[in-house]
$ cat entry-v1.pdb   # PDB, C-alpha atoms
ATOM      1  CA  MET A   1      -0.693  45.616 -12.639  1.00  0.00           C
ATOM      2  CA  PHE A   2      -2.026  48.801 -14.255  1.00  0.00           C
ATOM      3  CA  THR A   3      -1.615  52.377 -13.051  1.00  0.00           C
ATOM      4  CA  ASN A   4      -4.542  54.730 -12.632  1.00  0.00           C
ATOM      5  CA  VAL A   5      -3.946  55.980 -16.171  1.00  0.00           C
ATOM      6  CA  GLY A   6      -4.276  52.494 -17.608  1.00  0.00           C
ATOM      7  CA  ARG A   7      -0.617  51.851 -18.298  1.00  0.00           C
ATOM      8  CA  ARG A   8       0.948  48.475 -17.581  1.00  0.00           C
ATOM      9  CA  VAL A   9       3.782  48.548 -15.030  1.00  0.00           C
ATOM     10  CA  TYR A  10       6.837  46.351 -15.585  1.00  0.00           C
ATOM     11  CA  ALA A  11       9.866  45.445 -13.519  1.00  0.00           C
ATOM     12  CA  VAL A  12      13.115  44.879 -15.402  1.00  0.00           C
ATOM     13  CA  VAL A  13      15.644  42.212 -14.428  1.00  0.00           C
ATOM     14  CA  ILE A  14      19.084  42.925 -15.897  1.00  0.00           C
ATOM     15  CA  GLU A  15      21.594  40.082 -16.025  1.00  0.00           C
ATOM     16  CA  VAL A  16      25.163  40.121 -17.333  1.00  0.00           C
ATOM     17  CA  GLN A  17      26.067  36.672 -18.668  1.00  0.00           C
ATOM     18  CA  ARG A  18      29.737  36.342 -19.610  1.00  0.00           C
ATOM     19  CA  ARG A  19      29.776  32.655 -20.457  1.00  0.00           C
ATOM     20  CA  TRP A  20      27.517  29.743 -21.347  1.00  0.00           C
ATOM     21  CA  VAL A  21      25.903  28.092 -18.326  1.00  0.00           C
ATOM     22  CA  ALA A  22      23.717  25.105 -19.130  1.00  0.00           C
ATOM     23  CA  ASP A  23      21.113  25.580 -16.380  1.00  0.00           C
ATOM     24  CA  LYS A  24      20.952  29.380 -16.529  1.00  0.00           C
ATOM     25  CA  TRP A  25      17.668  29.309 -18.420  1.00  0.00           C
ATOM     26  CA  VAL A  26      15.905  27.712 -15.459  1.00  0.00           C
ATOM     27  CA  LYS A  27      17.442  30.224 -13.039  1.00  0.00           C
ATOM     28  CA  TRP A  28      16.226  33.098 -15.192  1.00  0.00           C
ATOM     29  CA  LYS A  29      12.696  31.737 -14.893  1.00  0.00           C
ATOM     30  CA  VAL A  30      13.057  31.799 -11.124  1.00  0.00           C
ATOM     31  CA  TYR A  31      14.216  35.446 -11.219  1.00  0.00           C
ATOM     32  CA  ALA A  32      11.278  36.473 -13.379  1.00  0.00           C
ATOM     33  CA  THR A  33       8.508  34.549 -11.631  1.00  0.00           C
ATOM     34  CA  SER A  34       9.736  35.435  -8.124  1.00  0.00           C
ATOM     35  CA  LEU A  35       9.805  39.136  -8.927  1.00  0.00           C
ATOM     36  CA  GLU A  36       6.415  38.962 -10.619  1.00  0.00           C
ATOM     37  CA  GLN A  37       4.917  37.355  -7.529  1.00  0.00           C
ATOM     38  CA  GLU A  38       6.635  39.737  -5.110  1.00  0.00           C
ATOM     39  CA  LEU A  39       5.758  42.978  -6.886  1.00  0.00           C
ATOM     40  CA  ASP A  40       2.580  41.952  -8.717  1.00  0.00           C
ATOM     41  CA  VAL A  41       3.830  43.474 -11.982  1.00  0.00           C
ATOM     42  CA  GLY A  42       4.899  42.256 -15.390  1.00  0.00           C
ATOM     43  CA  VAL A  43       8.575  41.324 -15.689  1.00  0.00           C
ATOM     44  CA  ILE A  44      11.012  41.942 -18.534  1.00  0.00           C
ATOM     45  CA  LEU A  45      14.272  39.985 -18.437  1.00  0.00           C
ATOM     46  CA  ALA A  46      17.190  41.649 -20.234  1.00  0.00           C
ATOM     47  CA  VAL A  47      20.390  39.618 -20.569  1.00  0.00           C
ATOM     48  CA  PHE A  48      23.615  41.218 -21.801  1.00  0.00           C
ATOM     49  CA  CYS A  49      26.325  38.918 -23.165  1.00  0.00           C
ATOM     50  CA  PRO A  50      29.679  40.600 -23.911  1.00  0.00           C
ATOM     51  CA  ASP A  51      30.451  37.728 -26.272  1.00  0.00           C
ATOM     52  CA  PRO A  52      28.116  37.768 -29.329  1.00  0.00           C
ATOM     53  CA  GLU A  53      28.544  34.005 -29.756  1.00  0.00           C
ATOM     54  CA  VAL A  54      27.273  33.391 -26.225  1.00  0.00           C
ATOM     55  CA  ALA A  55      24.332  35.721 -26.925  1.00  0.00           C
ATOM     56  CA  ALA A  56      23.490  33.800 -30.105  1.00  0.00           C
ATOM     57  CA  ARG A  57      23.584  30.503 -28.227  1.00  0.00           C
ATOM     58  CA  TYR A  58      21.125  31.735 -25.606  1.00  0.00           C
ATOM     59  CA  ARG A  59      18.859  33.250 -28.254  1.00  0.00           C
ATOM     60  CA  GLY A  60      18.697  29.828 -29.860  1.00  0.00           C
ATOM     61  CA  LEU A  61      16.891  28.511 -26.787  1.00  0.00           C
ATOM     62  CA  CYS A  62      13.998  30.975 -26.961  1.00  0.00           C
ATOM     63  CA  GLY A  63      10.756  29.047 -27.217  1.00  0.00           C
ATOM     64  CA  THR A  64      12.432  25.651 -27.503  1.00  0.00           C
ATOM     65  CA  GLU A  65      12.655  24.566 -23.872  1.00  0.00           C
ATOM     66  CA  LYS A  66      10.374  21.714 -22.876  1.00  0.00           C
ATOM     67  CA  PHE A  67       8.607  23.312 -19.929  1.00  0.00           C
ATOM     68  CA  SER A  68       5.013  24.354 -19.345  1.00  0.00           C
ATOM     69  CA  VAL A  69       6.056  27.976 -18.822  1.00  0.00           C
ATOM     70  CA  ARG A  70       8.200  29.434 -21.585  1.00  0.00           C
ATOM     71  CA  LEU A  71      10.658  32.284 -21.184  1.00  0.00           C
ATOM     72  CA  TRP A  72      11.342  34.946 -23.809  1.00  0.00           C
ATOM     73  CA  PRO A  73      14.231  37.079 -22.506  1.00  0.00           C
ATOM     74  CA  CYS A  74      15.727  39.991 -24.389  1.00  0.00           C
ATOM     75  CA  VAL A  75      19.259  38.741 -25.071  1.00  0.00           C
ATOM     76  CA  LEU A  76      21.671  41.502 -26.089  1.00  0.00           C
ATOM     77  CA  SER A  77      25.314  41.738 -27.152  1.00  0.00           C
ATOM     78  CA  PRO A  78      27.478  44.803 -27.917  1.00  0.00           C
ATOM     79  CA  ASP A  79      26.286  44.598 -31.536  1.00  0.00           C
ATOM     80  CA  ASP A  80      22.760  45.393 -30.315  1.00  0.00           C
ATOM     81  CA  LEU A  81      23.827  48.453 -28.284  1.00  0.00           C
ATOM     82  CA  PRO A  82      25.739  50.845 -30.541  1.00  0.00           C
ATOM     83  CA  LEU A  83      27.586  53.731 -28.937  1.00  0.00           C
ATOM     84  CA  VAL A  84      25.659  56.997 -28.704  1.00  0.00           C
ATOM     85  CA  VAL A  85      27.927  59.664 -30.170  1.00  0.00           C
ATOM     86  CA  ASP A  86      25.442  62.470 -30.817  1.00  0.00           C
ATOM     87  CA  PRO A  87      25.140  64.824 -27.781  1.00  0.00           C
ATOM     88  CA  ALA A  88      21.471  65.557 -28.506  1.00  0.00           C
ATOM     89  CA  HIS A  89      20.696  61.830 -28.655  1.00  0.00           C
ATOM     90  CA  ALA A  90      22.651  61.279 -25.425  1.00  0.00           C
ATOM     91  CA  LYS A  91      20.637  63.991 -23.644  1.00  0.00           C
ATOM     92  CA  ALA A  92      17.376  62.425 -24.791  1.00  0.00           C
ATOM     93  CA  ASN A  93      18.499  58.868 -23.940  1.00  0.00           C
ATOM     94  CA  LEU A  94      21.151  59.234 -21.249  1.00  0.00           C
ATOM     95  CA  ALA A  95      20.493  55.854 -19.638  1.00  0.00           C
ATOM     96  CA  LEU A  96      20.907  54.120 -22.997  1.00  0.00           C
ATOM     97  CA  ALA A  97      24.035  56.131 -23.828  1.00  0.00           C
ATOM     98  CA  THR A  98      25.606  55.205 -20.485  1.00  0.00           C
ATOM     99  CA  LEU A  99      24.689  51.526 -20.786  1.00  0.00           C
ATOM    100  CA  ALA A 100      26.164  51.389 -24.292  1.00  0.00           C
ATOM    101  CA  LEU A 101      29.435  52.852 -22.991  1.00  0.00           C
ATOM    102  CA  VAL A 102      29.656  50.238 -20.251  1.00  0.00           C
ATOM    103  CA  CYS A 103      28.888  47.452 -22.727  1.00  0.00           C
ATOM    104  CA  HIS A 104      31.666  48.702 -25.032  1.00  0.00           C
ATOM    105  CA  GLY A 105      33.971  49.528 -22.123  1.00  0.00           C
ATOM    106  CA  ALA A 106      36.743  47.252 -23.381  1.00  0.00           C
ATOM    107  CA  ASP A 107      36.780  48.736 -26.899  1.00  0.00           C
ATOM    108  CA  ASP A 108      39.605  50.871 -28.225  1.00  0.00           C
ATOM    109  CA  VAL A 109      39.668  54.242 -26.441  1.00  0.00           C
ATOM    110  CA  GLU A 110      39.666  56.191 -29.696  1.00  0.00           C
ATOM    111  CA  THR A 111      36.418  54.469 -30.637  1.00  0.00           C
ATOM    112  CA  LEU A 112      34.867  55.460 -27.310  1.00  0.00           C
ATOM    113  CA  GLU A 113      35.972  59.102 -27.448  1.00  0.00           C
ATOM    114  CA  PRO A 114      32.879  60.543 -29.240  1.00  0.00           C
ATOM    115  CA  ALA A 115      30.578  58.673 -26.848  1.00  0.00           C
ATOM    116  CA  PHE A 116      32.505  60.007 -23.836  1.00  0.00           C
ATOM    117  CA  THR A 117      32.016  63.545 -25.111  1.00  0.00           C
ATOM    118  CA  ALA A 118      28.292  63.037 -25.737  1.00  0.00           C
ATOM    119  CA  VAL A 119      27.605  61.553 -22.291  1.00  0.00           C
ATOM    120  CA  TYR A 120      29.751  64.139 -20.525  1.00  0.00           C
ATOM    121  CA  GLU A 121      27.806  66.984 -22.143  1.00  0.00           C
ATOM    122  CA  ALA A 122      24.481  65.349 -21.298  1.00  0.00           C
ATOM    123  CA  MET A 123      25.437  64.995 -17.624  1.00  0.00           C
ATOM    124  CA  HIS A 124      25.454  68.786 -17.205  1.00  0.00           C
ATOM    125  CA  ASP A 125      21.685  68.946 -17.740  1.00  0.00           C
ATOM    126  CA  ILE A 126      20.538  66.415 -15.149  1.00  0.00           C
ATOM    127  CA  ASP A 127      20.114  66.141 -11.386  1.00  0.00           C
ATOM    128  CA  LEU A 128      23.454  66.005  -9.554  1.00  0.00           C
ATOM    129  CA  ASP A 129      22.639  62.764  -7.721  1.00  0.00           C
ATOM    130  CA  LEU A 130      21.811  61.042 -11.014  1.00  0.00           C
ATOM    131  CA  ALA A 131      24.999  62.414 -12.571  1.00  0.00           C
ATOM    132  CA  ARG A 132      26.991  60.904  -9.709  1.00  0.00           C
ATOM    133  CA  GLU A 133      25.335  57.529 -10.241  1.00  0.00           C
ATOM    134  CA  ILE A 134      26.228  57.625 -13.934  1.00  0.00           C
ATOM    135  CA  CYS A 135      29.801  58.608 -13.151  1.00  0.00           C
ATOM    136  CA  ASP A 136      30.108  55.762 -10.647  1.00  0.00           C
ATOM    137  CA  MET A 137      28.730  53.273 -13.150  1.00  0.00           C
ATOM    138  CA  LEU A 138      31.264  54.323 -15.772  1.00  0.00           C
ATOM    139  CA  ILE A 139      34.176  54.293 -13.350  1.00  0.00           C
ATOM    140  CA  ALA A 140      33.239  50.797 -12.202  1.00  0.00           C
ATOM    141  CA  GLY A 141      32.235  49.360 -15.568  1.00  0.00           C
ATOM    142  CA  LEU A 142      34.887  50.594 -17.990  1.00  0.00           C
ATOM    143  CA  SER A 143      38.227  48.927 -18.615  1.00  0.00           C
ATOM    144  CA  LYS A 144      41.253  50.422 -16.891  1.00  0.00           C
ATOM    145  CA  THR A 145      42.396  52.285 -20.013  1.00  0.00           C
ATOM    146  CA  ALA A 146      38.915  53.519 -20.890  1.00  0.00           C
ATOM    147  CA  ARG A 147      38.298  54.616 -17.306  1.00  0.00           C
ATOM    148  CA  ALA A 148      41.479  56.701 -17.343  1.00  0.00           C
ATOM    149  CA  ARG A 149      40.316  58.429 -20.524  1.00  0.00           C
ATOM    150  CA  TRP A 150      36.851  59.085 -19.052  1.00  0.00           C
ATOM    151  CA  GLU A 151      38.437  60.664 -15.995  1.00  0.00           C
ATOM    152  CA  GLU A 152      40.328  63.039 -18.274  1.00  0.00           C
ATOM    153  CA  HIS A 153      36.945  64.504 -19.183  1.00  0.00           C
ATOM    154  CA  MET A 154      36.463  65.420 -15.535  1.00  0.00           C
ATOM    155  CA  THR A 155      37.869  68.784 -14.498  1.00  0.00           C
ATOM    156  CA  VAL A 156      38.590  69.753 -10.887  1.00  0.00           C
ATOM    157  CA  VAL A 157      35.163  71.383 -10.672  1.00  0.00           C
ATOM    158  CA  ASP A 158      33.489  68.208 -11.893  1.00  0.00           C
ATOM    159  CA  SER A 159      34.842  66.210  -8.972  1.00  0.00           C
ATOM    160  CA  GLU A 160      31.404  66.911  -7.489  1.00  0.00           C
ATOM    161  CA  TYR A 161      30.146  64.180  -9.807  1.00  0.00           C
ATOM    162  CA  ARG A 162      32.054  61.603  -7.804  1.00  0.00           C
ATOM    163  CA  SER A 163      29.858  59.927  -5.200  1.00  0.00           C
ATOM    164  CA  GLU A 164      30.936  59.669  -1.581  1.00  0.00           C
ATOM    165  CA  LEU A 165      31.826  55.996  -2.113  1.00  0.00           C
ATOM    166  CA  PHE A 166      34.311  56.602  -4.926  1.00  0.00           C
ATOM    167  CA  ARG A 167      35.793  59.708  -3.319  1.00  0.00           C
ATOM    168  CA  GLU A 168      36.439  57.610  -0.217  1.00  0.00           C
ATOM    169  CA  ILE A 169      38.165  54.916  -2.295  1.00  0.00           C
ATOM    170  CA  GLU A 170      40.479  57.493  -3.893  1.00  0.00           C
ATOM    171  CA  ALA A 171      41.180  59.220  -0.571  1.00  0.00           C
ATOM    172  CA  ARG A 172      42.120  55.964   1.124  1.00  0.00           C
ATOM    173  CA  GLY A 173      44.407  55.050  -1.741  1.00  0.00           C
ATOM    174  CA  ARG A 174      46.193  58.407  -1.593  1.00  0.00           C
ATOM    175  CA  THR A 175      46.425  58.442   2.198  1.00  0.00           C
ATOM    176  CA  GLU A 176      47.872  54.983   2.552  1.00  0.00           C
ATOM    177  CA  GLY A 177      50.011  55.338  -0.542  1.00  0.00           C
ATOM    178  CA  LYS A 178      50.189  51.569  -1.029  1.00  0.00           C
ATOM    179  CA  ALA A 179      48.713  49.078  -3.465  1.00  0.00           C
ATOM    180  CA  GLU A 180      47.509  47.103  -0.477  1.00  0.00           C
ATOM    181  CA  GLY A 181      45.491  50.043   0.785  1.00  0.00           C
ATOM    182  CA  LEU A 182      43.906  50.658  -2.607  1.00  0.00           C
ATOM    183  CA  ALA A 183      43.087  46.953  -2.981  1.00  0.00           C
ATOM    184  CA  GLU A 184      41.426  46.958   0.417  1.00  0.00           C
ATOM    185  CA  ALA A 185      39.377  50.025  -0.504  1.00  0.00           C
ATOM    186  CA  LYS A 186      38.257  48.491  -3.807  1.00  0.00           C
ATOM    187  CA  ALA A 187      37.346  45.224  -2.105  1.00  0.00           C
ATOM    188  CA  ASP A 188      35.230  47.198   0.349  1.00  0.00           C
ATOM    189  CA  ALA A 189      33.579  48.963  -2.591  1.00  0.00           C
ATOM    190  CA  VAL A 190      32.615  45.640  -4.186  1.00  0.00           C
ATOM    191  CA  LEU A 191      31.007  44.475  -0.951  1.00  0.00           C
ATOM    192  CA  ILE A 192      29.286  47.829  -0.369  1.00  0.00           C
ATOM    193  CA  VAL A 193      27.756  47.855  -3.858  1.00  0.00           C
ATOM    194  CA  LEU A 194      26.456  44.300  -3.419  1.00  0.00           C
ATOM    195  CA  SER A 195      25.071  45.177   0.003  1.00  0.00           C
ATOM    196  CA  ARG A 196      23.277  48.288  -1.233  1.00  0.00           C
ATOM    197  CA  ARG A 197      21.738  46.265  -4.076  1.00  0.00           C
ATOM    198  CA  GLY A 198      20.551  43.608  -1.628  1.00  0.00           C
ATOM    199  CA  VAL A 199      22.685  40.823  -3.099  1.00  0.00           C
ATOM    200  CA  PRO A 200      23.610  38.192  -0.452  1.00  0.00           C
ATOM    201  CA  VAL A 201      27.354  37.591  -0.015  1.00  0.00           C
ATOM    202  CA  PRO A 202      28.339  34.271   1.616  1.00  0.00           C
ATOM    203  CA  ASP A 203      31.251  34.393   4.051  1.00  0.00           C
ATOM    204  CA  ALA A 204      33.488  32.443   1.652  1.00  0.00           C
ATOM    205  CA  ALA A 205      32.838  34.907  -1.178  1.00  0.00           C
ATOM    206  CA  ALA A 206      33.406  37.915   1.107  1.00  0.00           C
ATOM    207  CA  ALA A 207      36.693  36.416   2.280  1.00  0.00           C
ATOM    208  CA  LYS A 208      37.818  35.859  -1.318  1.00  0.00           C
ATOM    209  CA  ILE A 209      36.993  39.445  -2.256  1.00  0.00           C
ATOM    210  CA  ARG A 210      38.802  40.887   0.768  1.00  0.00           C
ATOM    211  CA  ALA A 211      41.864  38.692   0.154  1.00  0.00           C
ATOM    212  CA  CYS A 212      42.281  39.805  -3.476  1.00  0.00           C
ATOM    213  CA  ALA A 213      45.274  42.066  -4.138  1.00  0.00           C
ATOM    214  CA  ASP A 214      44.910  42.215  -7.943  1.00  0.00           C
ATOM    215  CA  LEU A 215      43.688  45.759  -8.676  1.00  0.00           C
ATOM    216  CA  ASP A 216      42.597  44.949 -12.241  1.00  0.00           C
ATOM    217  CA  LEU A 217      40.599  41.946 -11.035  1.00  0.00           C
ATOM    218  CA  LEU A 218      38.981  44.035  -8.303  1.00  0.00           C
ATOM    219  CA  ASP A 219      38.025  46.614 -10.946  1.00  0.00           C
ATOM    220  CA  ALA A 220      36.385  43.849 -12.961  1.00  0.00           C
ATOM    221  CA  TRP A 221      34.520  42.582  -9.898  1.00  0.00           C
ATOM    222  CA  LEU A 222      33.341  46.093  -9.079  1.00  0.00           C
ATOM    223  CA  GLY A 223      31.925  46.434 -12.574  1.00  0.00           C
ATOM    224  CA  ARG A 224      30.105  43.110 -12.269  1.00  0.00           C
ATOM    225  CA  ALA A 225      28.743  44.055  -8.838  1.00  0.00           C
ATOM    226  CA  LEU A 226      26.604  46.752 -10.467  1.00  0.00           C
ATOM    227  CA  THR A 227      24.408  44.184 -12.227  1.00  0.00           C
ATOM    228  CA  ALA A 228      25.153  40.728 -10.763  1.00  0.00           C
ATOM    229  CA  THR A 229      22.368  38.838  -9.048  1.00  0.00           C
ATOM    230  CA  SER A 230      24.710  36.757  -6.867  1.00  0.00           C
ATOM    231  CA  ALA A 231      28.178  37.067  -5.351  1.00  0.00           C
ATOM    232  CA  GLU A 232      29.207  33.968  -7.315  1.00  0.00           C
ATOM    233  CA  ASP A 233      28.524  35.812 -10.585  1.00  0.00           C
ATOM    234  CA  VAL A 234      30.852  38.590  -9.456  1.00  0.00           C
ATOM    235  CA  ILE A 235      33.880  36.432  -8.643  1.00  0.00           C
ATOM    236  CA  ALA A 236      33.353  33.699 -11.249  1.00  0.00           C
TER     237      ALA A 236
END
$ encode --input "entry-v1.pdb" --output "structure tokens"
Amino acid sequence: MFTNVGRRVYAVVIEVQRRWVADKWVKWKVYATSLEQELDVGVILAVFCPDPEVAARYRGLCGTEKFSVRLWPCVLSPDDLPLVVDPAHAKANLALATLALVCHGADDVETLEPAFTAVYEAMHDIDLDLAREICDMLIAGLSKTARARWEEHMTVVDSEYRSELFREIEARGRTEGKAEGLAEAKADAVLIVLSRRGVPVPDAAAAKIRACADLDLLDAWLGRALTATSAEDVIA
């Protein structure tokens, strides 16, 4: 499809692949072709693998599969998405700077510090709703230690960056004052994010999410819910 100014329009499918799955290549073809048919646009498939070895293994399949229709996804690992530490670069490429932070969310906090500062400064120059979305993505996608450091960048005034969803999670945790209450709130957040993204959640998967009392695991699931294409990918 081309716009009225002659530019090709593309849809982007983003997949987070944490481990090797033998038949994933075929499933990716289904994602791409289904979206192309539904939207009548070109499709770009971007796959992020936290493990560089897994990324290299998937890259090795490009162009080698024995099918009539070949798939050429963009397979990325943390090595391909360096942290953005320059505030001017972060302002010009805020989406990239945020994505790089999420992809390096388990790195040492001291390593992340310059990138936190750059993204935080860039957030002051954008629409408030977009700033809230970025804040939510970082809160959900960073490791527990990194998330705590990011929150230190937020002053009382900057609590406006928190979306209604995450403010509700915090409020419920404080009100109930129990780990059980916070776990319940985080489980709800996982299901809400999946619902808003239109990802189907089978009853068995929903029950497993609601029954989880491990706060760290729920944090991990919440991070996966931002990009997963199925509930199974979230709780795998």
$ resolve_selection --input "entry-v1.pdb" --expression "the PyMOL selection byres ((chain A and resi 26-37) around 10)" --output "list in words"
Met1, Tyr10, Ala11, Val12, Val13, Glu15, Ala22, Asp23, Lys24, Trp25, Glu38, Leu39, Asp40, Val41, Gly42, Val43, Ile44, Leu45, Ala46, Val47, Glu65, Phe67, Val69, Arg70, Leu71, Trp72, Pro73 and Thr229 of chain A
$ closest_residue --input "entry-v1.pdb" --among "A:Ile126, A:Ile235, A:Val85, A:Leu138" --to "Ala106 (chain A)" --atoms "only C-alpha atoms"
A:Leu138
$ resolve_selection --input "entry-v1.pdb" --expression "the PyMOL selection byres ((chain A and resi 20) around 10)" --output "MDAnalysis selection string"
chainID A and resid 17:19 21:24 49 51 53:55 57:58
$ write_last_selection --input "entry-v1.pdb" --atoms "C-alpha atoms" --output "CSV table (one decimal), in the coordinates of the input"
chain,number,residue,atom,x,y,z
A,17,GLN,CA,26.1,36.7,-18.7
A,18,ARG,CA,29.7,36.3,-19.6
A,19,ARG,CA,29.8,32.7,-20.5
A,21,VAL,CA,25.9,28.1,-18.3
A,22,ALA,CA,23.7,25.1,-19.1
A,23,ASP,CA,21.1,25.6,-16.4
A,24,LYS,CA,21.0,29.4,-16.5
A,49,CYS,CA,26.3,38.9,-23.2
A,51,ASP,CA,30.5,37.7,-26.3
A,53,GLU,CA,28.5,34.0,-29.8
A,54,VAL,CA,27.3,33.4,-26.2
A,55,ALA,CA,24.3,35.7,-26.9
A,57,ARG,CA,23.6,30.5,-28.2
A,58,TYR,CA,21.1,31.7,-25.6
$ closest_atom_pairs --input "entry-v1.pdb" --of "region 94-151 of chain A" --to "region 209-219 of chain A" --cutoff "9 Å" --atoms "all atoms listed in the file" --output "tab-separated table"
residue	atom	partner	partner_atom	distance
A:Ile139	CA	A:Asp219	CA	8.9
A:Ala140	CA	A:Asp219	CA	6.5
A:Gly141	CA	A:Asp219	CA	7.9
A:Leu142	CA	A:Asp219	CA	8.7
A:Ser143	CA	A:Asp219	CA	8.0
A:Lys144	CA	A:Asp216	CA	7.3
$ atom_distance --input "entry-v1.pdb" --atom1 "CA of Leu182 (chain A)" --atom2 "CA of Glu151 (chain A)"
17.6 Å
$ closest_residue --input "entry-v1.pdb" --among "A:Thr145, A:Thr98, A:Ser195, A:Ser230" --to "Ala131 (chain A)" --atoms "only C-alpha atoms"
A:Thr98
$ atom_distance --input "entry-v1.pdb" --atom1 "CA of Gly223 (chain A)" --atom2 "CA of Asp125 (chain A)"
25.3 Å
$ closest_residue --input "entry-v1.pdb" --among "A:Trp150, A:Ala207, A:Cys103, A:Val199" --to "Glu184 (chain A)" --atoms "only C-alpha atoms"
A:Ala207
$ residues_near_point --input "entry-v1.pdb" --point "(28.4, 59.5, -29.3)" --cutoff "8 Å" --atoms "only C-alpha atoms" --output "VMD selection string"
chain A and resid 83 to 87 90 97 112 to 119
$ residues_around --input "entry-v1.pdb" --residues "Glu232 (chain A)" --least-positions-apart "6" --cutoff "12 Å" --atoms "all atoms listed in the file" --output "mmCIF file with C-alpha atoms, in the frame of the given file"
data_model
loop_
_atom_site.group_PDB
_atom_site.id
_atom_site.type_symbol
_atom_site.label_atom_id
_atom_site.label_comp_id
_atom_site.auth_asym_id
_atom_site.auth_seq_id
_atom_site.Cartn_x
_atom_site.Cartn_y
_atom_site.Cartn_z
ATOM 1 C CA LEU A 194 26.456 44.300 -3.419
ATOM 2 C CA VAL A 199 22.685 40.823 -3.099
ATOM 3 C CA PRO A 200 23.610 38.192 -0.452
ATOM 4 C CA VAL A 201 27.354 37.591 -0.015
ATOM 5 C CA PRO A 202 28.339 34.271 1.616
ATOM 6 C CA ASP A 203 31.251 34.393 4.051
ATOM 7 C CA ALA A 204 33.488 32.443 1.652
ATOM 8 C CA ALA A 205 32.838 34.907 -1.178
ATOM 9 C CA ALA A 206 33.406 37.915 1.107
ATOM 10 C CA LYS A 208 37.818 35.859 -1.318
ATOM 11 C CA ILE A 209 36.993 39.445 -2.256
ATOM 12 C CA TRP A 221 34.520 42.582 -9.898
ATOM 13 C CA ARG A 224 30.105 43.110 -12.269
ATOM 14 C CA ALA A 225 28.743 44.055 -8.838
#
$ resolve_selection --input "entry-v1.pdb" --expression "the PyMOL selection byres ((chain A and resi 82) around 9)" --output "ChimeraX atom specification"
/A:78-81,83-84,97,100-101,104
$ atom_distance --input "entry-v1.pdb" --atom1 "CA of His89 (chain A)" --atom2 "CA of Tyr120 (chain A)"
12.4 Å
$ residues_around --input "entry-v1.pdb" --residues "Arg196 (chain A)" --least-positions-apart "5" --cutoff "12 Å" --atoms "only C-alpha atoms" --output "PyMOL selection string"
chain A and resi 165+189-191+201+225-227
$ write_last_selection --input "entry-v1.pdb" --atoms "C-alpha atoms" --output "CSV table (one decimal), keeping the file's coordinate frame"
chain,number,residue,atom,x,y,z
A,165,LEU,CA,31.8,56.0,-2.1
A,189,ALA,CA,33.6,49.0,-2.6
A,190,VAL,CA,32.6,45.6,-4.2
A,191,LEU,CA,31.0,44.5,-1.0
A,201,VAL,CA,27.4,37.6,0.0
A,225,ALA,CA,28.7,44.1,-8.8
A,226,LEU,CA,26.6,46.8,-10.5
A,227,THR,CA,24.4,44.2,-12.2
$ closest_residue --input "entry-v1.pdb" --among "A:Ala220, A:Cys74, A:Ala56, A:Leu128" --to "Val102 (chain A)" --atoms "all atoms listed in the file"
A:Ala220
